[in-house]
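Engineer: Provided herewith: start-v6.tsv, TSV, C-alpha atoms.
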chain	number	residue	atom	x	y	z
O	98	MET	CA	40.96	33.69	16.32
O	99	ARG	CA	38.07	31.28	15.93
O	100	PHE	CA	36.34	29.53	13.07
O	101	SER	CA	32.88	28.02	12.91
O	102	LEU	CA	31.22	25.86	10.30
O	103	SER	CA	29.84	28.99	8.66
O	104	THR	CA	33.08	31.00	8.85
O	105	LEU	CA	35.67	29.27	6.72
O	106	LEU	CA	39.02	30.28	5.30
O	107	PRO	CA	39.54	30.99	1.59
O	108	SER	CA	39.83	27.88	-0.55
O	109	SER	CA	43.24	29.00	-1.83
O	110	ILE	CA	44.71	28.17	1.57
O	111	ALA	CA	44.48	24.58	0.32
O	112	ARG	CA	45.80	21.90	2.67
O	113	ARG	CA	47.76	24.21	4.88
O	114	THR	CA	45.62	25.65	7.66
O	115	ALA	CA	44.99	24.27	11.12
O	116	VAL	CA	41.38	24.80	12.19
O	117	LEU	CA	40.45	25.22	15.82
O	118	GLY	CA	39.21	22.21	17.74
O	119	ALA	CA	36.15	24.21	18.70
O	120	ALA	CA	34.89	24.01	15.14
O	121	ALA	CA	35.47	20.28	15.12
O	122	ALA	CA	33.64	19.88	18.40
O	123	LEU	CA	30.68	21.77	16.99
O	124	ALA	CA	30.66	19.58	13.90
O	125	LEU	CA	30.84	16.47	16.04
O	126	SER	CA	27.97	17.56	18.24
O	127	VAL	CA	25.84	18.22	15.17
O	128	SER	CA	26.63	14.84	13.61
O	129	GLY	CA	26.12	13.04	16.90
O	130	LEU	CA	22.46	13.99	16.97
O	131	ALA	CA	21.77	11.92	13.89
O	132	ALA	CA	24.13	9.01	14.55
O	133	PRO	CA	22.38	5.61	14.55
O	134	ALA	CA	22.58	3.55	17.71
O	135	GLU	CA	24.02	0.64	15.76
O	136	ALA	CA	25.85	1.03	12.45
O	137	ALA	CA	24.41	-0.93	9.54
O	138	PRO	CA	26.83	-2.80	7.25
O	139	LYS	CA	28.28	-0.30	4.81
O	140	LYS	CA	28.67	-0.73	1.09
O	141	ASP	CA	28.89	2.92	0.09
O	142	PHE	CA	31.79	5.12	1.20
O	143	LYS	CA	32.65	8.75	0.65
O	144	VAL	CA	36.16	10.20	0.46
O	145	ALA	CA	36.90	13.94	0.60
O	146	TRP	CA	40.01	15.41	-0.99
O	147	SER	CA	41.34	18.85	-1.92
O	148	ILE	CA	43.91	20.28	-4.31
O	149	TYR	CA	47.57	19.75	-3.40
O	150	VAL	CA	50.42	18.16	-5.34
O	151	GLY	CA	50.48	15.06	-3.12
O	152	TRP	CA	46.72	14.56	-3.25
O	153	MET	CA	46.16	14.93	-7.00
O	154	PRO	CA	46.31	11.13	-7.48
O	155	TRP	CA	42.91	10.80	-5.79
O	156	GLY	CA	41.13	12.98	-8.32
O	157	TYR	CA	42.96	11.33	-11.20
O	158	ALA	CA	42.06	7.86	-9.92
O	159	ALA	CA	38.39	8.82	-9.70
O	160	ASP	CA	38.38	10.25	-13.21
O	161	HIS	CA	40.22	7.33	-14.81
O	162	GLY	CA	38.38	4.33	-13.36
O	163	ILE	CA	41.00	3.28	-10.82
O	164	VAL	CA	38.71	4.01	-7.88
O	165	LYS	CA	35.90	1.98	-9.45
O	166	LYS	CA	38.28	-0.89	-10.23
O	167	TRP	CA	39.35	-1.32	-6.60
O	168	ALA	CA	35.90	-0.67	-5.18
O	169	ASP	CA	34.45	-3.34	-7.49
O	170	LYS	CA	37.12	-5.79	-6.36
O	171	TYR	CA	35.79	-5.57	-2.80
O	172	GLY	CA	32.13	-5.29	-3.70
O	173	ILE	CA	31.76	-1.72	-2.46
O	174	LYS	CA	31.20	1.74	-3.91
O	175	ILE	CA	33.57	4.65	-3.22
O	176	ASP	CA	32.60	8.20	-4.08
O	177	VAL	CA	35.66	10.48	-4.23
O	178	VAL	CA	34.61	14.11	-3.85
O	179	GLN	CA	36.83	17.14	-4.51
O	180	PHE	CA	36.50	20.12	-2.17
O	181	ASN	CA	37.66	23.56	-3.21
O	182	ASP	CA	37.78	24.48	0.47
O	183	TYR	CA	40.11	22.32	2.54
O	184	VAL	CA	38.64	23.56	5.81
O	185	GLU	CA	35.16	22.57	4.69
O	186	SER	CA	36.37	19.09	3.77
O	187	ILE	CA	37.74	18.62	7.29
O	188	ASN	CA	34.54	19.89	8.87
O	189	GLN	CA	32.41	17.60	6.68
O	190	TYR	CA	34.54	14.58	7.61
O	191	THR	CA	34.42	15.52	11.29
O	192	ALA	CA	30.64	15.88	11.08
O	193	GLY	CA	30.38	12.33	9.75
O	194	ALA	CA	29.41	13.17	6.17
O	195	PHE	CA	32.57	11.50	4.82
O	196	ASP	CA	34.34	8.28	5.76
O	197	ALA	CA	37.86	9.32	4.75
O	198	LEU	CA	39.81	12.49	4.12
O	199	THR	CA	43.08	13.88	2.77
O	200	VAL	CA	44.60	15.95	5.57
O	201	THR	CA	47.93	16.94	7.13
O	202	ASN	CA	49.14	15.30	10.33
O	203	MET	CA	48.76	18.61	12.18
O	204	ASP	CA	45.17	19.19	11.07
O	205	ALA	CA	44.18	15.56	11.69
O	206	LEU	CA	45.12	16.10	15.32
O	207	SER	CA	43.75	19.62	15.78
O	208	VAL	CA	40.32	19.07	14.21
O	209	PRO	CA	38.73	15.59	14.09
O	210	ALA	CA	40.91	14.05	16.81
O	211	ALA	CA	40.65	17.04	19.14
O	212	GLY	CA	36.94	17.16	18.34
O	213	GLY	CA	36.43	13.57	19.50
O	214	VAL	CA	36.40	11.73	16.18
O	215	ASP	CA	38.61	8.64	16.41
O	216	THR	CA	40.70	8.81	13.24
O	217	THR	CA	43.23	6.43	11.65
O	218	ALA	CA	45.96	7.35	9.19
O	219	VAL	CA	45.45	4.68	6.54
O	220	ILE	CA	48.05	5.93	4.06
O	221	MET	CA	51.19	7.98	4.57
O	222	GLY	CA	51.13	9.73	1.21
O	223	ASP	CA	54.06	12.12	1.35
O	224	PHE	CA	55.85	14.77	3.33
O	225	SER	CA	56.92	18.26	2.35
O	226	ASN	CA	60.59	18.26	1.45
O	227	GLY	CA	61.15	21.87	0.42
O	228	ASN	CA	57.65	22.97	-0.58
O	229	ASP	CA	57.47	25.24	2.50
O	230	ALA	CA	60.03	27.99	3.15
O	231	VAL	CA	61.08	30.95	5.28
O	232	ILE	CA	62.06	33.79	2.92
O	233	LEU	CA	63.88	37.00	3.81
O	234	LYS	CA	64.14	40.14	1.69
O	235	GLY	CA	67.68	41.39	1.14
O	236	LYS	CA	69.10	39.07	3.81
O	237	ASP	CA	70.50	35.58	3.34
O	238	LYS	CA	70.94	34.28	6.89
O	239	LEU	CA	68.17	32.90	9.09
O	240	SER	CA	69.58	34.79	12.08
O	241	ASP	CA	68.69	38.03	10.29
O	242	ILE	CA	65.03	37.29	11.04
O	243	LYS	CA	65.44	38.44	14.65
O	244	GLY	CA	63.33	41.53	15.34
O	245	GLN	CA	61.50	41.34	12.02
O	246	LYS	CA	57.79	41.19	11.29
O	247	VAL	CA	57.06	37.82	9.69
O	248	ASN	CA	54.09	37.54	7.35
O	249	LEU	CA	52.44	34.12	7.29
O	250	VAL	CA	49.10	32.34	7.57
O	251	GLU	CA	48.63	32.14	11.33
O	252	PHE	CA	48.12	28.67	12.89
O	253	SER	CA	49.12	27.00	9.62
O	254	VAL	CA	52.04	24.72	8.83
O	255	SER	CA	53.88	27.95	7.95
O	256	HIS	CA	53.50	28.97	11.60
O	257	TYR	CA	54.86	25.58	12.63
O	258	LEU	CA	57.78	25.87	10.18
O	259	LEU	CA	58.65	29.29	11.62
O	260	ALA	CA	58.69	27.83	15.13
O	261	ARG	CA	61.05	25.06	14.02
O	262	ALA	CA	63.28	27.53	12.16
O	263	LEU	CA	63.57	29.79	15.20
O	264	GLU	CA	64.25	26.82	17.44
O	265	SER	CA	67.17	25.82	15.19
O	266	ILE	CA	68.98	29.08	16.04
O	267	LYS	CA	67.86	29.21	19.67
O	268	LEU	CA	65.26	31.93	19.14
O	269	THR	CA	61.53	31.86	19.93
O	270	GLU	CA	58.44	33.54	18.56
O	271	ARG	CA	59.03	36.32	21.08
O	272	ASP	CA	62.03	37.35	18.97
O	273	VAL	CA	59.83	38.20	15.96
O	274	LYS	CA	56.35	39.57	15.35
O	275	VAL	CA	53.94	37.36	13.43
O	276	VAL	CA	51.67	39.19	10.99
O	277	ASN	CA	48.67	37.10	9.90
O	278	THR	CA	48.49	37.32	6.11
O	279	SER	CA	46.28	35.42	3.68
O	280	ASP	CA	48.15	33.22	1.25
O	281	ALA	CA	46.17	34.95	-1.50
O	282	ASP	CA	47.87	38.23	-0.52
O	283	MET	CA	51.35	36.85	0.19
O	284	VAL	CA	53.05	37.59	-3.13
O	285	ALA	CA	51.65	41.12	-3.30
O	286	ALA	CA	52.57	41.70	0.34
O	287	TYR	CA	56.16	40.63	-0.27
O	288	LYS	CA	56.49	43.27	-3.00
O	289	THR	CA	55.66	46.08	-0.57
O	290	LYS	CA	58.42	47.90	1.32
O	291	ALA	CA	56.85	47.12	4.69
O	292	VAL	CA	57.22	43.34	4.30
O	293	THR	CA	60.72	41.94	4.83
O	294	SER	CA	60.04	38.33	5.83
O	295	VAL	CA	57.46	35.73	4.79
O	296	VAL	CA	56.80	32.05	5.41
O	297	THR	CA	54.69	30.26	2.82
O	298	TRP	CA	54.39	27.21	0.55
O	299	ASN	CA	54.56	26.33	-3.13
O	300	PRO	CA	53.67	27.55	-5.67
O	301	LEU	CA	53.95	30.86	-3.79
O	302	VAL	CA	57.51	30.06	-2.70
O	303	SER	CA	58.67	29.73	-6.31
O	304	GLU	CA	56.93	32.94	-7.30
O	305	ILE	CA	58.47	34.96	-4.46
O	306	LEU	CA	61.95	33.47	-4.96
O	307	ALA	CA	61.83	34.75	-8.55
O	308	GLU	CA	62.38	38.20	-7.01
O	309	LYS	CA	66.08	39.15	-6.88
O	310	SER	CA	65.74	40.33	-3.29
O	311	ALA	CA	64.31	37.04	-2.00
O	312	HIS	CA	66.39	34.45	-0.17
O	313	SER	CA	65.18	31.13	1.22
O	314	VAL	CA	66.87	30.78	4.61
O	315	PHE	CA	65.02	27.71	5.94
O	316	ASP	CA	62.69	25.20	4.31
O	317	SER	CA	60.88	21.97	5.08
O	318	SER	CA	63.75	19.86	3.74
O	319	LYS	CA	65.54	20.80	6.97
O	320	ILE	CA	62.76	19.16	9.01
O	321	PRO	CA	62.11	16.12	6.81
O	322	GLY	CA	59.03	14.13	7.64
O	323	GLU	CA	57.39	16.69	9.90
O	324	ILE	CA	54.76	18.11	7.51
O	325	MET	CA	52.96	14.91	6.50
O	326	ASP	CA	50.10	14.48	4.07
O	327	LEU	CA	47.75	11.63	4.90
O	328	MET	CA	44.67	9.73	3.86
O	329	VAL	CA	42.76	9.17	7.10
O	330	ALA	CA	39.53	7.33	7.84
O	331	ASN	CA	37.03	7.10	10.65
O	332	THR	CA	38.46	4.37	12.90
O	333	GLN	CA	35.15	2.64	13.64
O	334	THR	CA	34.19	2.63	9.97
O	335	LEU	CA	37.60	1.25	9.03
O	336	ASN	CA	37.56	-1.46	11.70
O	337	GLU	CA	34.07	-2.59	10.70
O	338	ASN	CA	34.91	-2.45	6.99
O	339	PRO	CA	38.56	-3.42	6.42
O	340	ASP	CA	37.90	-3.87	2.70
O	341	PHE	CA	37.47	-0.11	2.50
O	342	GLY	CA	41.02	0.35	3.79
O	343	LYS	CA	42.32	-2.26	1.34
O	344	ALA	CA	40.62	-0.49	-1.55
O	345	LEU	CA	42.09	2.87	-0.53
O	346	ALA	CA	45.58	1.36	-0.46
O	347	GLY	CA	45.06	-0.31	-3.82
O	348	ILE	CA	43.86	2.93	-5.40
O	349	TRP	CA	46.79	4.92	-4.04
O	350	TYR	CA	49.62	2.62	-5.00
O	351	GLU	CA	48.30	1.86	-8.48
O	352	THR	CA	47.85	5.55	-9.21
O	353	VAL	CA	51.19	6.77	-7.88
O	354	ALA	CA	52.99	3.96	-9.70
O	355	LEU	CA	51.49	5.29	-12.92
O	356	MET	CA	52.16	8.93	-12.00
O	357	THR	CA	55.85	8.34	-11.31
O	358	ALA	CA	56.49	6.11	-14.32
O	359	GLU	CA	59.02	7.33	-16.88
O	360	SER	CA	56.69	6.53	-19.75
O	361	GLU	CA	54.29	8.37	-22.00
O	362	ALA	CA	51.42	7.18	-19.80
O	363	GLY	CA	53.20	8.52	-16.71
O	364	LYS	CA	53.95	11.83	-18.38
O	365	GLN	CA	50.32	12.15	-19.43
O	366	ALA	CA	49.13	11.37	-15.91
O	367	ARG	CA	51.41	14.09	-14.50
O	368	THR	CA	50.23	16.48	-17.18
O	369	ASP	CA	46.60	15.79	-16.32
O	370	MET	CA	47.23	16.20	-12.59
O	371	GLY	CA	49.12	19.43	-13.18
O	372	LYS	CA	46.31	20.83	-15.27
O	373	ALA	CA	43.73	19.82	-12.67
O	374	SER	CA	45.73	21.62	-9.99
O	375	GLY	CA	46.06	24.84	-11.96
O	376	THR	CA	49.56	24.44	-13.38
O	377	ASP	CA	51.31	22.65	-16.23
O	378	LEU	CA	53.57	19.60	-16.45
O	379	ALA	CA	56.71	21.57	-15.59
O	380	GLY	CA	55.04	23.27	-12.62
O	381	PHE	CA	53.67	20.01	-11.30
O	382	GLU	CA	56.99	18.20	-11.64
O	383	SER	CA	58.74	21.09	-9.90
O	384	GLN	CA	56.41	20.71	-6.91
O	385	LEU	CA	56.93	16.95	-6.94
O	386	LYS	CA	60.68	17.49	-6.58
O	387	ALA	CA	60.04	19.30	-3.29
O	388	THR	CA	57.78	16.48	-2.10
O	389	LYS	CA	58.86	13.15	-0.65
O	390	LEU	CA	56.18	11.00	-2.26
O	391	PHE	CA	55.71	7.52	-0.82
O	392	ASP	CA	54.98	5.76	-4.08
O	393	LYS	CA	56.25	2.43	-2.77
O	394	ALA	CA	54.31	0.81	0.05
O	395	ALA	CA	57.39	-0.67	1.70
O	396	ASP	CA	58.92	2.80	2.04
O	397	ALA	CA	55.73	4.15	3.60
O	398	VAL	CA	55.65	1.26	6.09
O	399	ALA	CA	59.27	1.87	7.06
O	400	PHE	CA	58.63	5.56	7.59
O	401	VAL	CA	55.43	5.22	9.63
O	402	LYS	CA	57.10	2.63	11.88
O	403	SER	CA	60.18	4.78	12.41
O	404	PRO	CA	60.76	6.79	15.61
O	405	ALA	CA	60.53	9.96	13.51
O	406	VAL	CA	56.73	9.90	13.44
O	407	GLY	CA	56.44	9.81	17.22
O	408	THR	CA	59.05	12.54	17.60
O	409	THR	CA	57.24	14.74	15.10
O	410	MET	CA	53.80	14.21	16.59
O	411	ASP	CA	55.16	15.06	20.02
O	412	ARG	CA	56.38	18.38	18.62
O	413	VAL	CA	53.13	18.97	16.77
O	414	ARG	CA	50.87	18.30	19.77
O	415	LYS	CA	52.92	20.66	21.94
O	416	PHE	CA	52.76	23.35	19.26
O	417	LEU	CA	48.99	22.95	18.95
O	418	PHE	CA	48.47	23.09	22.69
O	419	GLU	CA	50.57	26.23	22.93
O	420	LYS	CA	48.38	27.82	20.26
O	421	LYS	CA	45.20	26.58	22.04
O	422	LEU	CA	44.30	24.34	19.10
O	423	LEU	CA	43.60	21.13	21.01
O	424	GLY	CA	40.18	22.27	22.20
O	425	GLU	CA	38.91	24.68	24.83
O	426	ASN	CA	39.11	22.13	27.64
O	427	ALA	CA	42.60	20.82	26.94
O	428	LYS	CA	44.69	21.18	30.10
O	429	SER	CA	47.92	19.97	28.49
O	430	ALA	CA	49.36	18.54	25.28
O	431	ASP	CA	48.40	15.12	26.69
O	432	ALA	CA	44.67	15.81	26.27
O	433	VAL	CA	44.39	13.81	23.03
O	434	GLY	CA	46.04	10.40	22.77
O	435	ILE	CA	48.06	9.52	19.67
O	436	ALA	CA	48.71	5.81	19.04
O	437	LEU	CA	51.83	4.74	17.15
O	438	PRO	CA	52.37	1.46	15.24
O	439	ASP	CA	54.64	0.05	17.96
O	440	GLY	CA	51.85	0.29	20.53
O	441	LYS	CA	53.17	3.39	22.26
O	442	VAL	CA	50.75	6.21	23.00
O	443	LEU	CA	51.57	9.90	23.22
O	444	GLY	CA	49.24	11.62	25.67
O	445	ASP	CA	46.11	10.17	27.24
O	446	ALA	CA	45.94	6.43	26.55
O	447	LYS	CA	42.27	6.53	27.61
O	448	ASN	CA	41.46	9.14	24.99
O	449	VAL	CA	43.26	7.92	21.86
O	450	LYS	CA	41.74	9.74	18.88
O	451	LEU	CA	44.53	9.66	16.29
O	452	ARG	CA	46.17	6.42	15.20
O	453	PHE	CA	49.11	5.73	12.92
O	454	VAL	CA	49.05	2.19	11.54
O	455	ASP	CA	50.89	0.30	8.83
O	456	THR	CA	48.14	-2.31	8.31
O	457	TYR	CA	46.95	-1.49	4.81
O	458	MET	CA	50.26	-0.21	3.50
O	459	ALA	CA	51.86	-3.48	4.67
O	460	LEU	CA	49.25	-5.50	2.78
O	461	ALA	CA	50.12	-3.53	-0.35
O	462	ALA	CA	53.85	-4.03	0.24
O	463	ASP	CA	53.32	-7.78	0.63
O	464	GLY	CA	51.11	-8.03	-2.47
O	465	LYS	CA	48.12	-9.15	-0.39
O	466	LEU	CA	45.49	-6.61	-1.39
In structure tokens, write the structure found in this file.

Structural biologist:
Amino acid sequence: MRFSLSTLLPSSIARRTAVLGAAAALALSVSGLAAPAEAAPKKDFKVAWSIYVGWMPWGYAADHGIVKKWADKYGIKIDVVQFNDYVESINQYTAGAFDALTVTNMDALSVPAAGGVDTTAVIMGDFSNGNDAVILKGKDKLSDIKGQKVNLVEFSVSHYLLARALESIKLTERDVKVVNTSDADMVAAYKTKAVTSVVTWNPLVSEILAEKSAHSVFDSSKIPGEIMDLMVANTQTLNENPDFGKALAGIWYETVALMTAESEAGKQARTDMGKASGTDLAGFESQLKATKLFDKAADAVAFVKSPAVGTTMDRVRKFLFEKKLLGENAKSADAVGIALPDGKVLGDAKNVKLRFVDTYMALAADGKL
């Protein structure tokens, strides 16, 4: 299975699909042709984001003047652009058309990083804490999945969740048969007699679990912190323009503080974000409950500096290599280096292309933005 810049997945797949490194490499080669020999000082920055419960604050902040407020503070301009196609947003960032991007930890590694674009995770926004689930029809034990066909979006975080679920009961993917199924078809597929097992994400999880026959037997709350949602930026751009990183942190923490407030303003913000994402206040708050949102900078700093991030990324890189998603020339999971806040590097220290830092979150936590 391969994707190119002209062959993209449906926009409804949202944040959830890993794209092959080959597409990223193509995008990089295209952008490289036009790259200036020496970067001029930047004042204008572009941020790409797509619809997902944990990323709705970016659209809200753009619409309600919070982006402009923080950009003005640092004498820069930030254009926040919504993409209806998550895959396209990643390709555009990888091609150099955008300076920052909302993306999962898995996709940050498999696309821009594997494609050669040095990328830094500026903000640890949240992790899935129940939004993703393995669901069986008429069975209520995970062990019952053995021998079944499992419908999911191949090479997505659903595929990763299945691998982790199977591992928890000492099974492997050889013990089931994966059936690639579009998320747009998942609910309808579940209702057919032929489908007995699915892995998917909210709001599809909630819709399927409304069926009397459906039982959630494993969800992302059992692997807390492994499906992360990030705001990343081009490392060179960030290093040359630290005020951009400061502005991003300021935007995020002001907006999520408002969104989580138990006030009329907070309720209205959640209502607006829910509407913008295609649901209502109740639907949005339900998804928030299955999301570990890092609304406090100190909590985000503690998480990103914890051993859990390194452990997770080690699992993720091995999964991606196994699925041939680290690029055509990757000889092992070590092909792409991943730098952690404590200075440790997973993989090739001479080819670090994905970096987890606490720099800008720590400034927010210390009140120094």

Engineer: Need to verify the contact set: Ala285 of chain O, 12 Å, only C-alpha atoms, exclusion of same-chain residues closer than 3 positions in sequence. Can you return it as number ranges by chain?

Structural biologist: O: 248, 278-282, 288-292, 295, 301, 304-305, 308

Engineer: What's the separation between atom CA of Ser255 of chain O and atom CA of Glu419 of chain O, in Å to one decimal place?

Structural biologist: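 Separation between atom CA of Ser255 of chain O and atom CA of Glu419 of chain O: 15.4 Å.
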
Engineer: Contacts between segment 370-385 of chain O and segment 306-366 of chain O, please, where a residue of segment 306-366 of chain O counts if it comes within 12 Å (with all atoms listed in the file); show its shortest atom pair and distance in Å to one decimal, rows by chain and ascending number, as JSON lines.

Structural biologist:
{"residue": "O:Thr352", "atom": "CA", "partner": "O:Met370", "partner_atom": "CA", "distance": 11.2}
{"residue": "O:Val353", "atom": "CA", "partner": "O:Met370", "partner_atom": "CA", "distance": 11.3}
{"residue": "O:Leu355", "atom": "CA", "partner": "O:Met370", "partner_atom": "CA", "distance": 11.7}
{"residue": "O:Met356", "atom": "CA", "partner": "O:Met370", "partner_atom": "CA", "distance": 8.8}
{"residue": "O:Thr357", "atom": "CA", "partner": "O:Leu385", "partner_atom": "CA", "distance": 9.7}
{"residue": "O:Gly363", "atom": "CA", "partner": "O:Met370", "partner_atom": "CA", "distance": 10.6}
{"residue": "O:Lys364", "atom": "CA", "partner": "O:Leu378", "partner_atom": "CA", "distance": 8.0}
{"residue": "O:Gln365", "atom": "CA", "partner": "O:Met370", "partner_atom": "CA", "distance": 8.5}
{"residue": "O:Ala366", "atom": "CA", "partner": "O:Met370", "partner_atom": "CA", "distance": 6.2}

Engineer: How far is it from atom CA of Ala446 of chain O to atom CA of Ala430 of chain O, in Å with one decimal?

Structural biologist: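 Computing the Euclidean distance for atom CA of Ala446 of chain O and atom CA of Ala430 of chain O yields 12.6 Å.
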
Engineer: Rounded to one decimal in Å, what is the spacing between atom CA of Ser429 of chain O and atom CA of Thr408 of chain O?

Structural biologist: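 Value for the atom CA of Ser429 of chain O-atom CA of Thr408 of chain O distance: 17.3 Å.
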
Engineer: Using only C-alpha atoms and a cutoff of 8 Å, can you tell me which residues are near (58.0, 9.7, 5.8) in the file's coordinates, and write them out as an MDAnalysis selection string?

Structural biologist: chainID O and resid 221 223:224 321:322 325 389 391 396:397 400:401 406

Engineer: Give me the residues within 10 Å of Val247 of chain O as a ChimeraX atom specification, counting only C-alpha atoms and dropping any in the same chain fewer than 5 places off.

Structural biologist: /O:231-233,242,256,259,270,273-278,292-296

Engineer: Given the selection you just returned, output its residues as a file containing C-alpha atoms, formatted as a CSV table (one decimal), in the frame of the given file.

Structural biologist:
chain,number,residue,atom,x,y,z
O,231,VAL,CA,61.1,31.0,5.3
O,232,ILE,CA,62.1,33.8,2.9
O,233,LEU,CA,63.9,37.0,3.8
O,242,ILE,CA,65.0,37.3,11.0
O,256,HIS,CA,53.5,29.0,11.6
O,259,LEU,CA,58.6,29.3,11.6
O,270,GLU,CA,58.4,33.5,18.6
O,273,VAL,CA,59.8,38.2,16.0
O,274,LYS,CA,56.4,39.6,15.4
O,275,VAL,CA,53.9,37.4,13.4
O,276,VAL,CA,51.7,39.2,11.0
O,277,ASN,CA,48.7,37.1,9.9
O,278,THR,CA,48.5,37.3,6.1
O,292,VAL,CA,57.2,43.3,4.3
O,293,THR,CA,60.7,41.9,4.8
O,294,SER,CA,60.0,38.3,5.8
O,295,VAL,CA,57.5,35.7,4.8
O,296,VAL,CA,56.8,32.0,5.4

Engineer: With the input short on atoms, add N, CA and C atoms back to segment 196-207 of chain O and write it as an mmCIF file, in the coordinates of the input.

Structural biologist:
data_model
loop_
_atom_site.group_PDB
_atom_site.id
_atom_site.type_symbol
_atom_site.label_atom_id
_atom_site.label_comp_id
_atom_site.auth_asym_id
_atom_site.auth_seq_id
_atom_site.Cartn_x
_atom_site.Cartn_y
_atom_site.Cartn_z
ATOM 1 N N ASP O 196 33.683 9.377 5.041
ATOM 2 C CA ASP O 196 34.340 8.280 5.760
ATOM 3 C C ASP O 196 35.850 8.423 5.794
ATOM 4 N N ALA O 197 36.405 9.172 4.843
ATOM 5 C CA ALA O 197 37.860 9.320 4.750
ATOM 6 C C ALA O 197 38.180 10.704 4.193
ATOM 7 N N LEU O 198 39.444 11.107 4.391
ATOM 8 C CA LEU O 198 39.810 12.490 4.120
ATOM 9 C C LEU O 198 41.311 12.629 3.865
ATOM 10 N N THR O 199 41.676 13.498 2.920
ATOM 11 C CA THR O 199 43.080 13.880 2.770
ATOM 12 C C THR O 199 43.329 15.060 3.697
ATOM 13 N N VAL O 200 44.380 14.954 4.525
ATOM 14 C CA VAL O 200 44.600 15.950 5.570
ATOM 15 C C VAL O 200 46.057 15.886 6.038
ATOM 16 N N THR O 201 46.583 16.974 6.572
ATOM 17 C CA THR O 201 47.930 16.940 7.130
ATOM 18 C C THR O 201 47.887 16.310 8.524
ATOM 19 N N ASN O 202 49.047 15.866 8.987
ATOM 20 C CA ASN O 202 49.140 15.300 10.330
ATOM 21 C C ASN O 202 48.724 16.311 11.389
ATOM 22 N N MET O 203 49.083 17.586 11.194
ATOM 23 C CA MET O 203 48.760 18.610 12.180
ATOM 24 C C MET O 203 47.246 18.835 12.247
ATOM 25 N N ASP O 204 46.605 18.931 11.094
ATOM 26 C CA ASP O 204 45.170 19.190 11.070
ATOM 27 C C ASP O 204 44.352 17.969 11.493
ATOM 28 N N ALA O 205 44.876 16.772 11.233
ATOM 29 C CA ALA O 205 44.180 15.560 11.690
ATOM 30 C C ALA O 205 44.081 15.545 13.201
ATOM 31 N N LEU O 206 45.123 16.050 13.860
ATOM 32 C CA LEU O 206 45.120 16.100 15.320
ATOM 33 C C LEU O 206 44.271 17.253 15.844
ATOM 34 N N SER O 207 44.403 18.422 15.229
ATOM 35 C CA SER O 207 43.750 19.620 15.780
ATOM 36 C C SER O 207 42.253 19.674 15.533
#
